[in-house]
$ cat model.txt   # compact mmCIF, C-alpha atoms and all ligand atoms
# COMPACT_ATOMS: atom_id res chain seq x y z
CA MET A 1 -23.06 -2.15 43.79
CA SER A 2 -25.58 -2.57 46.54
CA ASN A 3 -28.47 -1.38 44.35
CA VAL A 4 -27.95 -4.17 41.81
CA GLN A 5 -30.63 -6.83 42.26
CA PRO A 6 -28.82 -10.18 42.03
CA LEU A 7 -29.95 -12.98 39.74
CA VAL A 8 -29.68 -16.65 40.69
CA ALA A 9 -30.17 -18.67 37.51
CA GLY A 10 -30.21 -22.44 37.13
CA ASN A 11 -28.68 -23.90 33.97
CA TRP A 12 -30.15 -27.35 33.54
CA LYS A 13 -27.94 -28.05 30.51
CA MET A 14 -29.02 -31.23 28.66
CA ASN A 15 -30.96 -32.55 31.63
CA GLY A 16 -34.68 -32.78 32.24
CA LEU A 17 -37.78 -34.47 30.88
CA LYS A 18 -41.44 -33.62 31.22
CA SER A 19 -41.35 -35.41 34.57
CA SER A 20 -38.85 -32.83 35.87
CA ALA A 21 -41.75 -30.39 36.12
CA SER A 22 -42.15 -31.68 39.69
CA GLU A 23 -38.83 -30.03 40.67
CA LEU A 24 -39.92 -26.74 39.14
CA LYS A 25 -43.28 -27.02 40.87
CA THR A 26 -41.57 -27.53 44.23
CA LEU A 27 -39.39 -24.48 43.58
CA VAL A 28 -42.38 -22.32 42.63
CA ASP A 29 -44.51 -23.52 45.56
CA LYS A 30 -41.75 -23.01 48.15
CA LEU A 31 -40.93 -19.52 46.85
CA ASN A 32 -44.64 -18.66 46.91
CA ALA A 33 -44.98 -19.92 50.47
CA GLU A 34 -41.76 -18.32 51.72
CA PRO A 35 -40.90 -15.40 49.46
CA VAL A 36 -37.26 -14.33 49.27
CA SER A 37 -37.01 -10.68 48.33
CA GLY A 38 -34.06 -8.82 46.85
CA VAL A 39 -33.10 -11.54 44.38
CA ASP A 40 -34.35 -12.59 40.94
CA VAL A 41 -34.72 -16.30 40.23
CA MET A 42 -34.52 -18.04 36.86
CA ILE A 43 -34.48 -21.58 35.51
CA CYS A 44 -32.96 -22.31 32.10
CA PRO A 45 -34.28 -25.75 31.11
CA PRO A 46 -33.71 -27.46 27.78
CA ALA A 47 -35.79 -25.71 25.11
CA THR A 48 -38.08 -28.74 24.86
CA LEU A 49 -39.49 -27.86 28.29
CA LEU A 50 -39.92 -24.10 27.92
CA LEU A 51 -43.51 -24.12 26.76
CA ALA A 52 -44.77 -26.49 29.45
CA PHE A 53 -42.70 -24.76 32.13
CA SER A 54 -43.97 -21.31 31.17
CA ALA A 55 -47.45 -22.34 32.32
CA LEU A 56 -46.02 -23.58 35.62
CA VAL A 57 -44.14 -20.38 36.50
CA GLU A 58 -46.91 -17.99 35.49
CA GLY A 59 -47.54 -15.43 38.21
CA SER A 60 -44.56 -16.68 40.26
CA LYS A 61 -41.16 -15.21 41.00
CA VAL A 62 -39.45 -17.76 38.75
CA LYS A 63 -38.53 -16.62 35.24
CA LEU A 64 -37.40 -18.84 32.38
CA GLY A 65 -34.31 -18.67 30.22
CA ALA A 66 -32.89 -20.70 27.34
CA GLN A 67 -29.34 -22.00 26.83
CA ASP A 68 -28.42 -20.88 23.29
CA CYS A 69 -29.95 -19.30 20.20
CA HIS A 70 -29.25 -18.89 16.50
CA THR A 71 -28.44 -15.45 15.11
CA GLU A 72 -31.24 -15.43 12.52
CA ALA A 73 -34.93 -14.99 13.32
CA SER A 74 -35.98 -17.83 11.01
CA GLY A 75 -34.84 -19.73 7.95
CA ALA A 76 -33.08 -22.81 6.63
CA HIS A 77 -31.08 -23.81 9.72
CA THR A 78 -32.03 -27.37 10.55
CA GLY A 79 -31.99 -28.14 14.23
CA ASP A 80 -31.45 -24.56 15.38
CA LEU A 81 -33.74 -22.35 17.42
CA SER A 82 -34.09 -18.60 17.04
CA ALA A 83 -34.30 -16.12 19.88
CA GLU A 84 -37.79 -15.27 18.67
CA MET A 85 -38.84 -18.92 19.08
CA LEU A 86 -37.44 -19.03 22.61
CA ALA A 87 -39.26 -15.82 23.52
CA ASP A 88 -42.43 -17.24 21.99
CA SER A 89 -42.02 -20.30 24.23
CA GLY A 90 -41.79 -18.25 27.42
CA ALA A 91 -38.08 -17.44 27.82
CA VAL A 92 -37.10 -13.95 28.93
CA ALA A 93 -33.36 -14.60 28.74
CA VAL A 94 -30.81 -16.81 27.02
CA ILE A 95 -27.40 -18.04 28.18
CA LEU A 96 -24.77 -17.36 25.51
CA GLY A 97 -21.15 -18.40 25.12
CA HIS A 98 -21.22 -21.01 27.87
CA SER A 99 -17.85 -22.77 27.92
CA GLU A 100 -19.53 -26.05 26.99
CA ARG A 101 -20.83 -24.46 23.78
CA ARG A 102 -17.45 -22.87 23.14
CA ALA A 103 -15.81 -26.31 23.57
CA ASP A 104 -18.44 -28.55 21.95
CA HIS A 105 -19.51 -26.28 19.09
CA GLY A 106 -16.47 -24.12 18.48
CA GLU A 107 -18.29 -20.94 19.46
CA LEU A 108 -16.05 -17.89 19.40
CA ASP A 109 -16.57 -14.46 20.90
CA ARG A 110 -17.80 -13.06 17.60
CA HIS A 111 -20.51 -15.73 17.44
CA VAL A 112 -21.52 -14.95 21.00
CA ARG A 113 -21.70 -11.27 20.11
CA ALA A 114 -23.98 -11.92 17.13
CA LYS A 115 -26.18 -14.16 19.26
CA ALA A 116 -26.47 -11.47 21.93
CA GLU A 117 -27.69 -9.03 19.28
CA ALA A 118 -30.23 -11.63 18.16
CA ALA A 119 -31.37 -12.11 21.75
CA TRP A 120 -31.95 -8.37 22.18
CA ARG A 121 -33.81 -8.22 18.85
CA ALA A 122 -36.25 -10.79 20.27
CA GLY A 123 -36.54 -8.96 23.59
CA LEU A 124 -34.45 -11.50 25.51
CA MET A 125 -31.82 -10.65 28.08
CA ALA A 126 -28.40 -12.06 27.16
CA ILE A 127 -26.48 -13.90 29.89
CA ILE A 128 -22.98 -13.80 28.42
CA CYS A 129 -20.47 -16.27 29.89
CA VAL A 130 -16.76 -15.60 30.22
CA GLY A 131 -14.01 -17.43 32.06
CA GLU A 132 -10.55 -18.90 31.80
CA THR A 133 -9.50 -22.52 31.39
CA GLU A 134 -7.27 -24.25 33.91
CA GLY A 135 -4.29 -23.85 31.60
CA GLN A 136 -4.93 -20.13 31.21
CA ARG A 137 -5.17 -19.66 34.98
CA LYS A 138 -1.93 -21.58 35.50
CA ALA A 139 -0.27 -19.45 32.82
CA GLY A 140 -1.35 -16.32 34.69
CA VAL A 141 -3.44 -14.92 31.83
CA THR A 142 -6.89 -15.08 33.46
CA LEU A 143 -7.47 -11.33 33.44
CA ASP A 144 -6.29 -10.97 29.83
CA VAL A 145 -8.63 -13.76 28.73
CA VAL A 146 -11.63 -12.32 30.55
CA ARG A 147 -10.95 -8.79 29.27
CA ARG A 148 -10.69 -10.08 25.71
CA GLN A 149 -13.90 -12.09 26.01
CA LEU A 150 -15.77 -9.08 27.40
CA LYS A 151 -14.47 -6.81 24.67
CA ASN A 152 -15.30 -9.15 21.83
CA ALA A 153 -18.43 -10.96 23.01
CA ILE A 154 -20.49 -8.04 24.33
CA PRO A 155 -22.06 -5.94 21.58
CA ASP A 156 -22.29 -2.17 21.78
CA GLY A 157 -25.61 -1.17 23.27
CA ALA A 158 -25.44 -3.47 26.29
CA THR A 159 -27.47 -2.18 29.24
CA ALA A 160 -28.09 -3.29 32.79
CA ALA A 161 -31.50 -4.52 31.63
CA ASN A 162 -30.53 -6.44 28.51
CA THR A 163 -27.25 -8.04 29.61
CA VAL A 164 -25.90 -10.13 32.48
CA ILE A 165 -22.29 -11.29 32.62
CA ALA A 166 -21.53 -14.71 34.11
CA TYR A 167 -17.94 -15.26 35.22
CA GLU A 168 -17.40 -19.01 35.10
CA PRO A 169 -13.85 -20.34 35.46
CA VAL A 170 -13.99 -23.36 33.14
CA TRP A 171 -12.02 -25.50 35.61
CA ALA A 172 -14.62 -24.83 38.33
CA ILE A 173 -17.61 -26.01 36.29
CA GLY A 174 -18.95 -29.34 37.47
CA THR A 175 -15.73 -30.16 39.31
CA GLY A 176 -16.47 -29.11 42.89
CA LEU A 177 -13.47 -26.77 42.65
CA VAL A 178 -14.06 -23.11 43.47
CA PRO A 179 -11.62 -20.20 43.23
CA THR A 180 -10.65 -18.44 46.45
CA ALA A 181 -12.79 -15.50 47.54
CA GLU A 182 -9.80 -13.26 46.77
CA ASP A 183 -9.60 -14.56 43.21
CA VAL A 184 -13.34 -14.14 42.64
CA LYS A 185 -13.14 -10.62 44.05
CA GLN A 186 -10.26 -9.74 41.76
CA VAL A 187 -11.87 -11.02 38.56
CA HIS A 188 -15.29 -9.54 39.34
CA GLY A 189 -13.62 -6.21 40.15
CA VAL A 190 -11.86 -6.21 36.79
CA ILE A 191 -15.10 -7.13 35.01
CA ARG A 192 -16.88 -4.27 36.78
CA ASP A 193 -14.15 -1.82 35.78
CA GLU A 194 -14.30 -2.95 32.15
CA LEU A 195 -18.11 -2.69 32.04
CA ALA A 196 -18.10 0.74 33.69
CA ALA A 197 -15.39 2.03 31.34
CA ARG A 198 -17.31 0.92 28.27
CA PHE A 199 -20.95 1.32 29.28
CA GLY A 200 -20.85 3.95 32.04
CA ASP A 201 -23.76 3.80 34.47
CA GLU A 202 -25.27 0.87 32.57
CA GLY A 203 -22.04 -1.04 33.12
CA ARG A 204 -22.02 -0.11 36.78
CA GLY A 205 -25.56 -1.52 37.11
CA MET A 206 -24.99 -4.70 35.09
CA ARG A 207 -25.20 -7.94 37.02
CA ILE A 208 -22.06 -10.07 37.21
CA GLN A 209 -22.88 -13.63 38.25
CA TYR A 210 -20.36 -16.13 39.53
CA GLY A 211 -20.70 -19.67 38.17
CA GLY A 212 -18.81 -22.90 38.80
CA SER A 213 -19.64 -25.44 41.54
CA VAL A 214 -21.97 -23.11 43.44
CA LYS A 215 -23.69 -25.20 46.14
CA PRO A 216 -25.88 -24.44 49.16
CA GLY A 217 -22.79 -24.79 51.35
CA ASN A 218 -20.66 -22.16 49.59
CA ALA A 219 -23.32 -19.81 48.19
CA LYS A 220 -23.40 -17.39 51.09
CA GLU A 221 -19.68 -16.80 51.03
CA LEU A 222 -19.51 -16.47 47.24
CA MET A 223 -22.56 -14.22 47.00
CA SER A 224 -21.23 -11.82 49.62
CA ILE A 225 -18.07 -11.01 47.61
CA ASP A 226 -17.87 -7.50 46.10
CA ASN A 227 -19.38 -7.29 42.62
CA VAL A 228 -20.87 -10.80 42.76
CA ASN A 229 -24.50 -10.21 41.81
CA GLY A 230 -25.92 -13.70 41.89
CA ALA A 231 -24.97 -17.09 40.51
CA LEU A 232 -25.23 -19.24 37.42
CA VAL A 233 -25.77 -22.71 38.80
CA GLY A 234 -25.48 -26.02 36.96
CA GLY A 235 -25.70 -29.29 38.88
CA ALA A 236 -27.18 -27.83 42.05
CA SER A 237 -30.09 -26.27 40.13
CA LEU A 238 -31.55 -29.64 39.14
CA LYS A 239 -32.99 -30.34 42.58
CA ALA A 240 -35.35 -27.74 43.99
CA GLU A 241 -34.01 -28.25 47.52
CA ASP A 242 -30.42 -27.53 46.51
CA PHE A 243 -31.39 -24.55 44.38
CA LEU A 244 -33.49 -23.14 47.22
CA GLY A 245 -30.48 -23.59 49.49
CA ILE A 246 -28.50 -21.32 47.16
CA ILE A 247 -31.28 -18.73 46.90
CA ALA A 248 -31.35 -18.77 50.72
CA ALA A 249 -27.98 -17.01 50.65
CA TYR A 250 -30.09 -13.89 50.04
CA LYS A 251 -32.42 -14.41 53.00
CA SER A 252 -31.95 -11.61 55.49
P1 LIG B 301 -21.93 -26.27 37.89
O1 LIG B 301 -22.16 -25.59 36.45
O2 LIG B 301 -22.71 -25.43 38.88
O3 LIG B 301 -22.47 -27.66 37.74
O4 LIG B 301 -20.48 -26.22 38.17
C1 LIG B 301 -22.16 -24.20 36.30
C2 LIG B 301 -22.44 -23.83 34.88
O5 LIG B 301 -21.95 -24.50 33.97
O6 LIG B 301 -23.15 -22.83 34.62

$ encode --input "model.txt" --output "structure tokens"
Amino acid sequence: MSNVQPLVAGNWKMNGLKSSASELKTLVDKLNAEPVSGVDVMICPPATLLLAFSALVEGSKVKLGAQDCHTEASGAHTGDLSAEMLADSGAVAVILGHSERRADHGELDRHVRAKAEAAWRAGLMAIICVGETEGQRKAGVTLDVVRRQLKNAIPDGATAANTVIAYEPVWAIGTGLVPTAEDVKQVHGVIRDELAARFGDEGRGMRIQYGGSVKPGNAKELMSIDNVNGALVGGASLKAEDFLGIIAAYKS
């Protein structure tokens, strides 16, 4: 879909201290000095940095996202953060169902679905992650896994504005391994078909990011594949220079 504005989002995971503001400042300054049009840019820092970072990105192209949320708006849930709190701290989006949360915290599709509804309730866009493990790819069930995750993790009512899908093969995350362009094209095509079948025009306009070892050196090729509408970037989003090198894939 050529009229879908791609989104390049940086997932900082459990990395970053107050001092990391210098990287964000470099990113903001460089994008102000040399604007790149036709692409949205987001950083998803740890929640501890949202409030301070929201002052830094004000008036810039860079938006902020969070990495998880609880399903409730408030209450007796020690250590958790609600979508409302994240929105209050400056986030406009939240990553949900990342494979690290699925693996570390036992998150299932139904939890991801409930969290997406909570995100919408708070006015946040949900970035819903799907993707197969290495074993699932080897067993030839990648498409079944992704279809099942889409069906069960995306709530009814998803729109192009409130939802982004991130296809992240688990075996490609943080490993330097990347699927072939043909494989990315196939999975993204299937995701597009599923979204269009269920959500019509909204599904046709929904952004489908690729994630997993996206670097400045491979971004242009990955981002030019059909139905790849941006990237979810881990390691290479921590340094402004690397992240800018990925955003540069969209420079005309
Ligand atoms: P990576 O992480 O870019 O470090 O592979 C991607 C992600 O987990 O979103």

$ residues_near_point --input "model.txt" --point "(-26.4, -5.6, 35.1)" --cutoff "10 Å" --atoms "only C-alpha atoms" --output "PyMOL selection string"
chain A and resi 1+4-7+127+158-165+192+195+201-209+229

$ residues_near_ligand --input "model.txt" --ligand "ligand LIG 301 (chain B)" --cutoff "7 Å" --atoms "only C-alpha atoms and all ligand atoms" --output "JSON list (two decimals) with C-alpha atoms, in the coordinates of the input"
[["chain", "number", "residue", "atom", "x", "y", "z"],
["A", 11, "ASN", "CA", -28.68, -23.90, 33.97],
["A", 168, "GLU", "CA", -17.40, -19.01, 35.10],
["A", 172, "ALA", "CA", -14.62, -24.83, 38.33],
["A", 173, "ILE", "CA", -17.61, -26.01, 36.29],
["A", 174, "GLY", "CA", -18.95, -29.34, 37.47],
["A", 175, "THR", "CA", -15.73, -30.16, 39.31],
["A", 176, "GLY", "CA", -16.47, -29.11, 42.89],
["A", 211, "GLY", "CA", -20.70, -19.67, 38.17],
["A", 212, "GLY", "CA", -18.81, -22.90, 38.80],
["A", 213, "SER", "CA", -19.64, -25.44, 41.54],
["A", 214, "VAL", "CA", -21.97, -23.11, 43.44],
["A", 232, "LEU", "CA", -25.23, -19.24, 37.42],
["A", 233, "VAL", "CA", -25.77, -22.71, 38.80],
["A", 234, "GLY", "CA", -25.48, -26.02, 36.96],
["A", 235, "GLY", "CA", -25.70, -29.29, 38.88],
["A", 236, "ALA", "CA", -27.18, -27.83, 42.05]]

$ closest_residue --input "model.txt" --among "A:Asn152, A:Thr133, A:Ser89, A:Ser60" --to "Glu34 of chain A" --atoms "only C-alpha atoms"
A:Ser60

$ atom_distance --input "model.txt" --atom1 "atom CA of Ala166 of chain A" --atom2 "atom CA of Leu150 of chain A"
10.5 Å

$ residues_around --input "model.txt" --residues "Leu27 of chain A" --least-positions-apart "2" --cutoff "9 Å" --atoms "only C-alpha atoms" --output "VMD selection string"
chain A and resid 22 to 25 29 to 32 62 239 to 241 243 to 244

$ residues_around --input "model.txt" --residues "Gly97 of chain A" --least-positions-apart "6" --cutoff "12 Å" --atoms "all atoms listed in the file" --output "compact mmCIF listing (two decimals) with C-alpha atoms, in the frame of the given file"
# COMPACT_ATOMS: atom_id res chain seq x y z
CA GLN A 67 -29.34 -22.00 26.83
CA ASP A 68 -28.42 -20.88 23.29
CA CYS A 69 -29.95 -19.30 20.20
CA HIS A 70 -29.25 -18.89 16.50
CA ALA A 103 -15.81 -26.31 23.57
CA ASP A 104 -18.44 -28.55 21.95
CA HIS A 105 -19.51 -26.28 19.09
CA GLY A 106 -16.47 -24.12 18.48
CA GLU A 107 -18.29 -20.94 19.46
CA LEU A 108 -16.05 -17.89 19.40
CA ASP A 109 -16.57 -14.46 20.90
CA ARG A 110 -17.80 -13.06 17.60
CA HIS A 111 -20.51 -15.73 17.44
CA VAL A 112 -21.52 -14.95 21.00
CA ARG A 113 -21.70 -11.27 20.11
CA ALA A 114 -23.98 -11.92 17.13
CA LYS A 115 -26.18 -14.16 19.26
CA ALA A 116 -26.47 -11.47 21.93
CA ALA A 126 -28.40 -12.06 27.16
CA ILE A 127 -26.48 -13.90 29.89
CA ILE A 128 -22.98 -13.80 28.42
CA CYS A 129 -20.47 -16.27 29.89
CA VAL A 130 -16.76 -15.60 30.22
CA GLY A 131 -14.01 -17.43 32.06
CA GLN A 149 -13.90 -12.09 26.01
CA LEU A 150 -15.77 -9.08 27.40
CA ASN A 152 -15.30 -9.15 21.83
CA ALA A 153 -18.43 -10.96 23.01
CA ILE A 154 -20.49 -8.04 24.33
CA ILE A 165 -22.29 -11.29 32.62
CA ALA A 166 -21.53 -14.71 34.11
CA TYR A 167 -17.94 -15.26 35.22
CA GLU A 168 -17.40 -19.01 35.10
CA VAL A 170 -13.99 -23.36 33.14

$ atom_distance --input "model.txt" --atom1 "atom CA of Val145 of chain A" --atom2 "atom CA of Ser99 of chain A"
12.9 Å

$ closest_residue --input "model.txt" --among "A:Leu17, A:Val36, A:Ala73, A:Ala91" --to "Gly245 of chain A" --atoms "all atoms listed in the file"
A:Val36

$ decode --input "model.txt" --residues "segment 161-188 of chain A" --atoms "N, CA and C atoms" --output "PDB file, in the first residue's frame"
ATOM      1  N   ALA A 161      -5.519   3.593  12.450  1.00  0.00           N
ATOM      2  CA  ALA A 161      -4.994   4.620  13.355  1.00  0.00           C
ATOM      3  C   ALA A 161      -4.646   4.058  14.734  1.00  0.00           C
ATOM      4  N   ASN A 162      -5.381   3.049  15.188  1.00  0.00           N
ATOM      5  CA  ASN A 162      -5.145   2.608  16.569  1.00  0.00           C
ATOM      6  C   ASN A 162      -4.278   1.351  16.681  1.00  0.00           C
ATOM      7  N   THR A 163      -3.895   0.774  15.543  1.00  0.00           N
ATOM      8  CA  THR A 163      -3.149  -0.493  15.596  1.00  0.00           C
ATOM      9  C   THR A 163      -2.047  -0.546  14.544  1.00  0.00           C
ATOM     10  N   VAL A 164      -0.905  -1.049  14.962  1.00  0.00           N
ATOM     11  CA  VAL A 164       0.210  -1.370  14.062  1.00  0.00           C
ATOM     12  C   VAL A 164       0.571  -2.822  14.347  1.00  0.00           C
ATOM     13  N   ILE A 165       0.856  -3.586  13.313  1.00  0.00           N
ATOM     14  CA  ILE A 165       1.318  -4.957  13.512  1.00  0.00           C
ATOM     15  C   ILE A 165       2.824  -4.991  13.264  1.00  0.00           C
ATOM     16  N   ALA A 166       3.551  -5.646  14.168  1.00  0.00           N
ATOM     17  CA  ALA A 166       4.991  -5.830  13.960  1.00  0.00           C
ATOM     18  C   ALA A 166       5.249  -7.316  13.758  1.00  0.00           C
ATOM     19  N   TYR A 167       5.727  -7.677  12.561  1.00  0.00           N
ATOM     20  CA  TYR A 167       6.124  -9.068  12.325  1.00  0.00           C
ATOM     21  C   TYR A 167       7.579  -9.217  12.720  1.00  0.00           C
ATOM     22  N   GLU A 168       7.810  -9.993  13.774  1.00  0.00           N
ATOM     23  CA  GLU A 168       9.167 -10.190  14.281  1.00  0.00           C
ATOM     24  C   GLU A 168       9.439 -11.687  14.442  1.00  0.00           C
ATOM     25  N   PRO A 169      10.134 -12.292  13.472  1.00  0.00           N
ATOM     26  CA  PRO A 169      10.534 -13.690  13.670  1.00  0.00           C
ATOM     27  C   PRO A 169      11.414 -13.760  14.920  1.00  0.00           C
ATOM     28  N   VAL A 170      11.038 -14.593  15.872  1.00  0.00           N
ATOM     29  CA  VAL A 170      11.732 -14.604  17.166  1.00  0.00           C
ATOM     30  C   VAL A 170      13.223 -14.893  16.984  1.00  0.00           C
ATOM     31  N   TRP A 171      13.527 -15.777  16.023  1.00  0.00           N
ATOM     32  CA  TRP A 171      14.920 -16.188  15.796  1.00  0.00           C
ATOM     33  C   TRP A 171      15.756 -15.072  15.148  1.00  0.00           C
ATOM     34  N   ALA A 172      15.109 -14.020  14.684  1.00  0.00           N
ATOM     35  CA  ALA A 172      15.845 -12.911  14.058  1.00  0.00           C
ATOM     36  C   ALA A 172      16.096 -11.773  15.037  1.00  0.00           C
ATOM     37  N   ILE A 173      15.510 -11.858  16.230  1.00  0.00           N
ATOM     38  CA  ILE A 173      15.625 -10.753  17.191  1.00  0.00           C
ATOM     39  C   ILE A 173      16.962 -10.828  17.920  1.00  0.00           C
ATOM     40  N   GLY A 174      17.762  -9.793  17.744  1.00  0.00           N
ATOM     41  CA  GLY A 174      19.028  -9.690  18.456  1.00  0.00           C
ATOM     42  C   GLY A 174      20.085 -10.688  18.029  1.00  0.00           C
ATOM     43  N   THR A 175      19.864 -11.357  16.911  1.00  0.00           N
ATOM     44  CA  THR A 175      20.788 -12.416  16.490  1.00  0.00           C
ATOM     45  C   THR A 175      21.637 -12.038  15.288  1.00  0.00           C
ATOM     46  N   GLY A 176      21.235 -10.980  14.575  1.00  0.00           N
ATOM     47  CA  GLY A 176      21.915 -10.651  13.325  1.00  0.00           C
ATOM     48  C   GLY A 176      21.397 -11.481  12.156  1.00  0.00           C
ATOM     49  N   LEU A 177      20.496 -12.408  12.437  1.00  0.00           N
ATOM     50  CA  LEU A 177      19.896 -13.210  11.363  1.00  0.00           C
ATOM     51  C   LEU A 177      18.659 -12.494  10.838  1.00  0.00           C
ATOM     52  N   VAL A 178      18.475 -12.539   9.533  1.00  0.00           N
ATOM     53  CA  VAL A 178      17.321 -11.882   8.917  1.00  0.00           C
ATOM     54  C   VAL A 178      16.725 -12.851   7.899  1.00  0.00           C
ATOM     55  N   PRO A 179      15.399 -12.963   7.834  1.00  0.00           N
ATOM     56  CA  PRO A 179      14.813 -13.828   6.806  1.00  0.00           C
ATOM     57  C   PRO A 179      15.129 -13.298   5.408  1.00  0.00           C
ATOM     58  N   THR A 180      14.972 -14.135   4.412  1.00  0.00           N
ATOM     59  CA  THR A 180      15.179 -13.665   3.039  1.00  0.00           C
ATOM     60  C   THR A 180      14.064 -12.688   2.679  1.00  0.00           C
ATOM     61  N   ALA A 181      14.337 -11.854   1.683  1.00  0.00           N
ATOM     62  CA  ALA A 181      13.320 -10.902   1.224  1.00  0.00           C
ATOM     63  C   ALA A 181      12.059 -11.641   0.793  1.00  0.00           C
ATOM     64  N   GLU A 182      12.241 -12.801   0.175  1.00  0.00           N
ATOM     65  CA  GLU A 182      11.085 -13.606  -0.267  1.00  0.00           C
ATOM     66  C   GLU A 182      10.223 -14.036   0.920  1.00  0.00           C
ATOM     67  N   ASP A 183      10.905 -14.469   1.998  1.00  0.00           N
ATOM     68  CA  ASP A 183      10.164 -14.902   3.185  1.00  0.00           C
ATOM     69  C   ASP A 183       9.421 -13.734   3.835  1.00  0.00           C
ATOM     70  N   VAL A 184      10.098 -12.590   3.920  1.00  0.00           N
ATOM     71  CA  VAL A 184       9.443 -11.403   4.510  1.00  0.00           C
ATOM     72  C   VAL A 184       8.229 -11.026   3.669  1.00  0.00           C
ATOM     73  N   LYS A 185       8.415 -11.057   2.351  1.00  0.00           N
ATOM     74  CA  LYS A 185       7.320 -10.699   1.442  1.00  0.00           C
ATOM     75  C   LYS A 185       6.127 -11.646   1.622  1.00  0.00           C
ATOM     76  N   GLN A 186       6.436 -12.917   1.773  1.00  0.00           N
ATOM     77  CA  GLN A 186       5.359 -13.904   1.917  1.00  0.00           C
ATOM     78  C   GLN A 186       4.569 -13.664   3.214  1.00  0.00           C
ATOM     79  N   VAL A 187       5.298 -13.517   4.319  1.00  0.00           N
ATOM     80  CA  VAL A 187       4.592 -13.371   5.605  1.00  0.00           C
ATOM     81  C   VAL A 187       3.826 -12.047   5.644  1.00  0.00           C
ATOM     82  N   HIS A 188       4.447 -10.975   5.191  1.00  0.00           N
ATOM     83  CA  HIS A 188       3.749  -9.679   5.201  1.00  0.00           C
ATOM     84  C   HIS A 188       2.524  -9.699   4.286  1.00  0.00           C
TER      85      HIS A 188
END
